[in-house]
Amino acid sequence: TTLAQHKKRNDAHFTFCRPLRLSFRSFIMGRFLRRIRKRFEESQKEKFEEEKPAVARKDIRMISGCEDAQTSADVSNVNSFRLPDPHGRAGGACTSTLLKILYKDEHIPDDDYSFTEVLRLMRGILSDKGFTQIPQLTSLNPIDVSTKFDLVPDSATGTRRAVMIGINYVGHDPGELRGCHNDVMNMKKYIMDVHGFEEDNIVILMDDGENTEPSHDNILEAYKKIISESESGDAVFLHYSGHGTKLRDDDWGEEEDGFDEALVPLDFHDNGMIRDDDLYKILIEDLPEGVHLVSLMDCCHSGTILDLPYIFKGDGEQEKMELDEGIDLDAFLGRIGGKISGLFG
């Protein structure tokens with residue numbers, strides 16, 4: 001072997017190995033940075049939990065059909081989800097999917113599902129149907145998502161109340177929906193059959209000419225009333241199926257993207273939207289201690305519409321709840337009169 005041939009082989013070996021070395025170094029560095037990030041997040045969460053005020057320790061959870069940046073979808077035929085169909089053939093993708101898991105053919109599953117399993121099953125069904133939206137769970141407190149999924153915990157032994165809103169925007173062009181009344185009727189049957197809600201404690205707002213009209217003022221009044229009537233030990237379920245939107249954040253600056261999420265009432269042209277800040281004041285700040293509240297939001301841009309600090313996405317990447325990076329925690333704490341010194345700068 002000549003010296004030139006030997007040098008050529010060494011050069012080829014170096015050329016081949018160098019990318020491997022760089023790739024290995026990148027892998028090690030990436031793993032190191034992930035560990036550092038994980039430790040920081042755990043420290044951040046511990047500090048947040050230690051010092052957050054009492055108003056931020058209430059039992060409030062929200063299931064939403066998509067992330068803030070995503071739009072929800074109508075299902076053209078709920079028969080493909082094998083649901084009861086009292087008001088026509090259309091239904092919302094989030095509501096229909098959840099009921100397919102929890103109430104298929106009006107039967108309760110033989111096995112209990114965890115929060116993780118429910119959200120990932122929802123994502124799988126939505127994906128199979130061609131929807132890209134990612135369902136998620138948000139909460140005021142960290143939830144062990146490996147525990148049993150339930151809309152009403154065993155500890156809620158008092159009265160069970162619900163406000164259910166379905167807006168099809170009948171006569172609006174463009175913007176008319178088809179599935180929102182159906183969502184409400186299907187979900188109402190589920191909570192009555194499975195969770196023991198009584199008809200007298202369920203308030204329905206729909207633009208069907210029969211129920212209370214889901215106007216701006218009527219929606220806010222229904223929310224205020226259910227909160228004022230609730231006592232420790234009670235359970236509150238809120239279901240909204242309709243349009244959602246985003247508006248420029250106009251006050252606290254707690255939104256990292258600079259936008260508030262908002263519900264779209266039937267009379268939005270005349271009386272405007274219902275911002276997440278309005279919902280926070282009524283549903284969270286004013287909620288009595290000891291009341292369990294769950295909200296199901298089947299609308300566009302609904303991911304953080306209650307501005308809850310903890311989040312778990314059903315995309316298969318998260319194993320547990322984390323603090324939501326999309327919420328400015330300094331602004332969040334400022335809103336509720338708290339402050340965590342030395343954590344967020």
# chains A, B, ... in the order shown; residues from 1 in each chain; ligands from 1
call {"tool": "residues_around", "arguments": {"residues": "Arg123 in chain A", "least_positions_apart": "6", "cutoff": "7 Å", "atoms": "only C-alpha atoms", "output": "PyMOL selection string"}}
result
chain A and resi 134-135+314-315
call {"tool": "residues_around", "arguments": {"residues": "Pro265 in chain A", "least_positions_apart": "6", "cutoff": "10 Å", "atoms": "only C-alpha atoms", "output": "PyMOL selection string"}}
result
chain A and resi 165-167+169+213-220+242-244+271-274
call {"tool": "write_last_selection", "arguments": {"atoms": "N, CA, C and O atoms", "output": "tab-separated table (two decimals), in the first residue's frame"}}
result
chain	number	residue	atom	x	y	z
A	165	ILE	N	-75.08	25.19	26.05
A	165	ILE	CA	-75.33	26.20	25.03
A	165	ILE	C	-75.00	25.63	23.65
A	165	ILE	O	-73.90	25.15	23.41
A	166	GLY	N	-75.98	25.69	22.76
A	166	GLY	CA	-75.78	25.25	21.38
A	166	GLY	C	-76.27	26.32	20.42
A	166	GLY	O	-77.45	26.68	20.44
A	167	ILE	N	-75.38	26.84	19.60
A	167	ILE	CA	-75.74	27.94	18.69
A	167	ILE	C	-75.45	27.52	17.25
A	167	ILE	O	-74.30	27.33	16.86
A	169	TYR	N	-76.58	29.52	14.78
A	169	TYR	CA	-76.58	30.79	14.05
A	169	TYR	C	-77.55	30.70	12.87
A	169	TYR	O	-77.21	31.02	11.72
A	213	GLU	N	-82.87	32.03	24.22
A	213	GLU	CA	-81.97	32.43	23.13
A	213	GLU	C	-80.56	32.64	23.65
A	213	GLU	O	-80.37	33.29	24.68
A	214	PRO	N	-79.55	32.11	22.96
A	214	PRO	CA	-78.16	32.24	23.44
A	214	PRO	C	-77.53	33.59	23.05
A	214	PRO	O	-76.54	33.65	22.32
A	215	SER	N	-78.14	34.65	23.56
A	215	SER	CA	-77.61	35.99	23.32
A	215	SER	C	-76.46	36.28	24.27
A	215	SER	O	-76.22	35.54	25.24
A	216	HIS	N	-75.76	37.36	24.02
A	216	HIS	CA	-74.64	37.78	24.86
A	216	HIS	C	-75.06	37.87	26.32
A	216	HIS	O	-74.44	37.26	27.21
A	217	ASP	N	-76.12	38.61	26.60
A	217	ASP	CA	-76.55	38.83	27.98
A	217	ASP	C	-77.11	37.56	28.61
A	217	ASP	O	-76.89	37.29	29.80
A	218	ASN	N	-77.85	36.77	27.82
A	218	ASN	CA	-78.43	35.54	28.37
A	218	ASN	C	-77.36	34.52	28.75
A	218	ASN	O	-77.50	33.81	29.76
A	219	ILE	N	-76.32	34.43	27.96
A	219	ILE	CA	-75.23	33.50	28.28
A	219	ILE	C	-74.54	33.93	29.57
A	219	ILE	O	-74.34	33.11	30.48
A	220	LEU	N	-74.20	35.21	29.66
A	220	LEU	CA	-73.53	35.68	30.87
A	220	LEU	C	-74.43	35.53	32.10
A	220	LEU	O	-73.95	35.16	33.18
A	242	GLY	N	-70.52	25.98	19.50
A	242	GLY	CA	-70.82	27.12	18.63
A	242	GLY	C	-69.53	27.66	18.05
A	242	GLY	O	-68.51	26.98	18.02
A	243	HIS	N	-69.58	28.90	17.62
A	243	HIS	CA	-68.38	29.54	17.08
A	243	HIS	C	-67.49	30.06	18.20
A	243	HIS	O	-67.96	30.51	19.25
A	244	GLY	N	-66.18	30.02	17.98
A	244	GLY	CA	-65.20	30.67	18.83
A	244	GLY	C	-64.31	31.53	17.95
A	244	GLY	O	-64.22	31.30	16.74
A	271	ASN	N	-73.95	43.09	20.09
A	271	ASN	CA	-73.47	43.16	21.48
A	271	ASN	C	-72.07	42.60	21.70
A	271	ASN	O	-71.61	42.52	22.84
A	272	GLY	N	-71.41	42.21	20.64
A	272	GLY	CA	-70.02	41.82	20.76
A	272	GLY	C	-69.80	40.38	21.23
A	272	GLY	O	-70.74	39.61	21.41
A	273	MET	N	-68.54	40.04	21.44
A	273	MET	CA	-68.13	38.70	21.84
A	273	MET	C	-68.04	38.59	23.36
A	273	MET	O	-68.09	39.59	24.08
A	274	ILE	N	-67.88	37.36	23.81
A	274	ILE	CA	-67.66	37.10	25.24
A	274	ILE	C	-66.21	36.65	25.40
A	274	ILE	O	-65.85	35.54	25.03
call {"tool": "residues_around", "arguments": {"residues": "Met187 in chain A", "least_positions_apart": "5", "cutoff": "9 Å", "atoms": "only C-alpha atoms", "output": "number ranges by chain"}}
result
A: 95-96, 99, 164, 182, 192, 239
call {"tool": "closest_residue", "arguments": {"among": "A:Glu198, A:Asp183, A:Asp207, A:Asp277", "to": "Asp298 in chain A", "atoms": "only C-alpha atoms"}}
result
A:Asp183
call {"tool": "residues_around", "arguments": {"residues": "His292 in chain A", "least_positions_apart": "3", "cutoff": "9 Å", "atoms": "only C-alpha atoms", "output": "MDAnalysis selection string"}}
result
chainID A and resid 58:61 152:153 155:156 232:237 289
call {"tool": "select_by_dssp", "arguments": {"residues": "range 88-180 of chain A", "states": "strand (DSSP E)", "output": "JSON, numbers by chain"}}
result
{"A": [91, 92, 136, 137, 138, 139, 160, 161, 162, 163, 164, 165, 166]}
call {"tool": "write_last_selection", "arguments": {"atoms": "N, CA and C atoms", "output": "PDB file, in the first residue's frame"}}
result
ATOM      1  N   GLY A  91     -73.300  17.008  14.008  1.00  0.00           N
ATOM      2  CA  GLY A  91     -72.791  17.138  15.371  1.00  0.00           C
ATOM      3  C   GLY A  91     -71.379  17.674  15.374  1.00  0.00           C
ATOM      4  N   GLY A  92     -70.939  18.256  16.495  1.00  0.00           N
ATOM      5  CA  GLY A  92     -69.596  18.789  16.595  1.00  0.00           C
ATOM      6  C   GLY A  92     -68.585  17.677  16.761  1.00  0.00           C
ATOM      7  N   GLN A 136     -57.517  18.807  24.179  1.00  0.00           N
ATOM      8  CA  GLN A 136     -56.649  19.043  25.323  1.00  0.00           C
ATOM      9  C   GLN A 136     -57.448  19.292  26.592  1.00  0.00           C
ATOM     10  N   LEU A 137     -56.761  19.067  27.700  1.00  0.00           N
ATOM     11  CA  LEU A 137     -57.323  19.262  29.032  1.00  0.00           C
ATOM     12  C   LEU A 137     -56.520  20.355  29.714  1.00  0.00           C
ATOM     13  N   THR A 138     -57.204  21.356  30.251  1.00  0.00           N
ATOM     14  CA  THR A 138     -56.535  22.387  31.033  1.00  0.00           C
ATOM     15  C   THR A 138     -57.148  22.424  32.428  1.00  0.00           C
ATOM     16  N   SER A 139     -56.388  22.950  33.379  1.00  0.00           N
ATOM     17  CA  SER A 139     -56.833  22.915  34.768  1.00  0.00           C
ATOM     18  C   SER A 139     -56.178  24.022  35.574  1.00  0.00           C
ATOM     19  N   ARG A 160     -76.017  18.678  41.328  1.00  0.00           N
ATOM     20  CA  ARG A 160     -75.321  18.698  40.039  1.00  0.00           C
ATOM     21  C   ARG A 160     -76.095  19.613  39.087  1.00  0.00           C
ATOM     22  N   ARG A 161     -75.427  20.671  38.644  1.00  0.00           N
ATOM     23  CA  ARG A 161     -76.067  21.676  37.799  1.00  0.00           C
ATOM     24  C   ARG A 161     -75.317  21.791  36.472  1.00  0.00           C
ATOM     25  N   ALA A 162     -76.040  22.202  35.435  1.00  0.00           N
ATOM     26  CA  ALA A 162     -75.404  22.351  34.121  1.00  0.00           C
ATOM     27  C   ALA A 162     -75.993  23.532  33.368  1.00  0.00           C
ATOM     28  N   VAL A 163     -75.140  24.197  32.594  1.00  0.00           N
ATOM     29  CA  VAL A 163     -75.562  25.167  31.582  1.00  0.00           C
ATOM     30  C   VAL A 163     -75.033  24.646  30.248  1.00  0.00           C
ATOM     31  N   MET A 164     -75.946  24.464  29.287  1.00  0.00           N
ATOM     32  CA  MET A 164     -75.587  23.868  28.005  1.00  0.00           C
ATOM     33  C   MET A 164     -76.036  24.800  26.893  1.00  0.00           C
ATOM     34  N   ILE A 165     -75.083  25.185  26.050  1.00  0.00           N
ATOM     35  CA  ILE A 165     -75.326  26.203  25.025  1.00  0.00           C
ATOM     36  C   ILE A 165     -75.005  25.634  23.648  1.00  0.00           C
ATOM     37  N   GLY A 166     -75.983  25.688  22.763  1.00  0.00           N
ATOM     38  CA  GLY A 166     -75.778  25.251  21.383  1.00  0.00           C
ATOM     39  C   GLY A 166     -76.271  26.320  20.423  1.00  0.00           C
TER      40      GLY A 166
END
call {"tool": "atom_distance", "arguments": {"atom1": "CA of Leu308 in chain A", "atom2": "CA of Phe48 in chain A"}}
result
13.2 Å
call {"tool": "closest_residue", "arguments": {"among": "A:Ile108, A:Leu205, A:Val184, A:Ile227", "to": "Leu293 in chain A", "atoms": "only C-alpha atoms"}}
result
A:Ile227
call {"tool": "atom_distance", "arguments": {"atom1": "CA of Leu98 in chain A", "atom2": "CA of Ile311 in chain A"}}
result
18.0 Å
call {"tool": "decode", "arguments": {"residues": "range 118-159 of chain A", "atoms": "C-alpha atoms", "output": "mmCIF file, in the first residue's frame"}}
result
data_model
loop_
_atom_site.group_PDB
_atom_site.id
_atom_site.type_symbol
_atom_site.label_atom_id
_atom_site.label_comp_id
_atom_site.auth_asym_id
_atom_site.auth_seq_id
_atom_site.Cartn_x
_atom_site.Cartn_y
_atom_site.Cartn_z
ATOM 1 C CA VAL A 118 -59.622 9.531 26.690
ATOM 2 C CA LEU A 119 -57.729 12.405 25.075
ATOM 3 C CA ARG A 120 -55.520 10.109 23.001
ATOM 4 C CA LEU A 121 -58.516 8.059 21.895
ATOM 5 C CA MET A 122 -60.231 11.307 20.917
ATOM 6 C CA ARG A 123 -57.216 12.349 18.880
ATOM 7 C CA GLY A 124 -57.059 8.953 17.182
ATOM 8 C CA ILE A 125 -60.732 9.026 16.200
ATOM 9 C CA LEU A 126 -60.480 12.605 14.955
ATOM 10 C CA SER A 127 -57.402 11.708 12.917
ATOM 11 C CA ASP A 128 -59.150 8.704 11.369
ATOM 12 C CA LYS A 129 -62.027 11.005 10.359
ATOM 13 C CA GLY A 130 -59.595 13.424 8.715
ATOM 14 C CA PHE A 131 -59.607 16.144 11.398
ATOM 15 C CA THR A 132 -56.320 17.718 12.484
ATOM 16 C CA GLN A 133 -57.528 19.264 15.741
ATOM 17 C CA ILE A 134 -55.820 18.179 18.979
ATOM 18 C CA PRO A 135 -58.066 17.832 22.048
ATOM 19 C CA GLN A 136 -56.649 19.043 25.323
ATOM 20 C CA LEU A 137 -57.323 19.262 29.032
ATOM 21 C CA THR A 138 -56.535 22.387 31.033
ATOM 22 C CA SER A 139 -56.833 22.915 34.768
ATOM 23 C CA LEU A 140 -56.281 25.385 37.568
ATOM 24 C CA ASN A 141 -54.354 22.682 39.456
ATOM 25 C CA PRO A 142 -52.128 19.868 38.184
ATOM 26 C CA ILE A 143 -54.082 16.659 37.556
ATOM 27 C CA ASP A 144 -52.646 13.171 37.551
ATOM 28 C CA VAL A 145 -53.751 12.293 34.017
ATOM 29 C CA SER A 146 -53.172 8.588 34.658
ATOM 30 C CA THR A 147 -56.185 8.545 37.024
ATOM 31 C CA LYS A 148 -59.773 7.754 36.067
ATOM 32 C CA PHE A 149 -61.506 10.200 33.740
ATOM 33 C CA ASP A 150 -64.797 11.449 35.118
ATOM 34 C CA LEU A 151 -66.883 14.561 34.629
ATOM 35 C CA VAL A 152 -68.063 14.394 38.244
ATOM 36 C CA PRO A 153 -65.714 13.119 40.983
ATOM 37 C CA ASP A 154 -66.897 10.972 43.876
ATOM 38 C CA SER A 155 -66.221 13.878 46.241
ATOM 39 C CA ALA A 156 -68.948 15.995 44.583
ATOM 40 C CA THR A 157 -71.911 14.696 46.560
ATOM 41 C CA GLY A 158 -74.105 17.812 46.372
ATOM 42 C CA THR A 159 -76.357 19.187 43.650
#
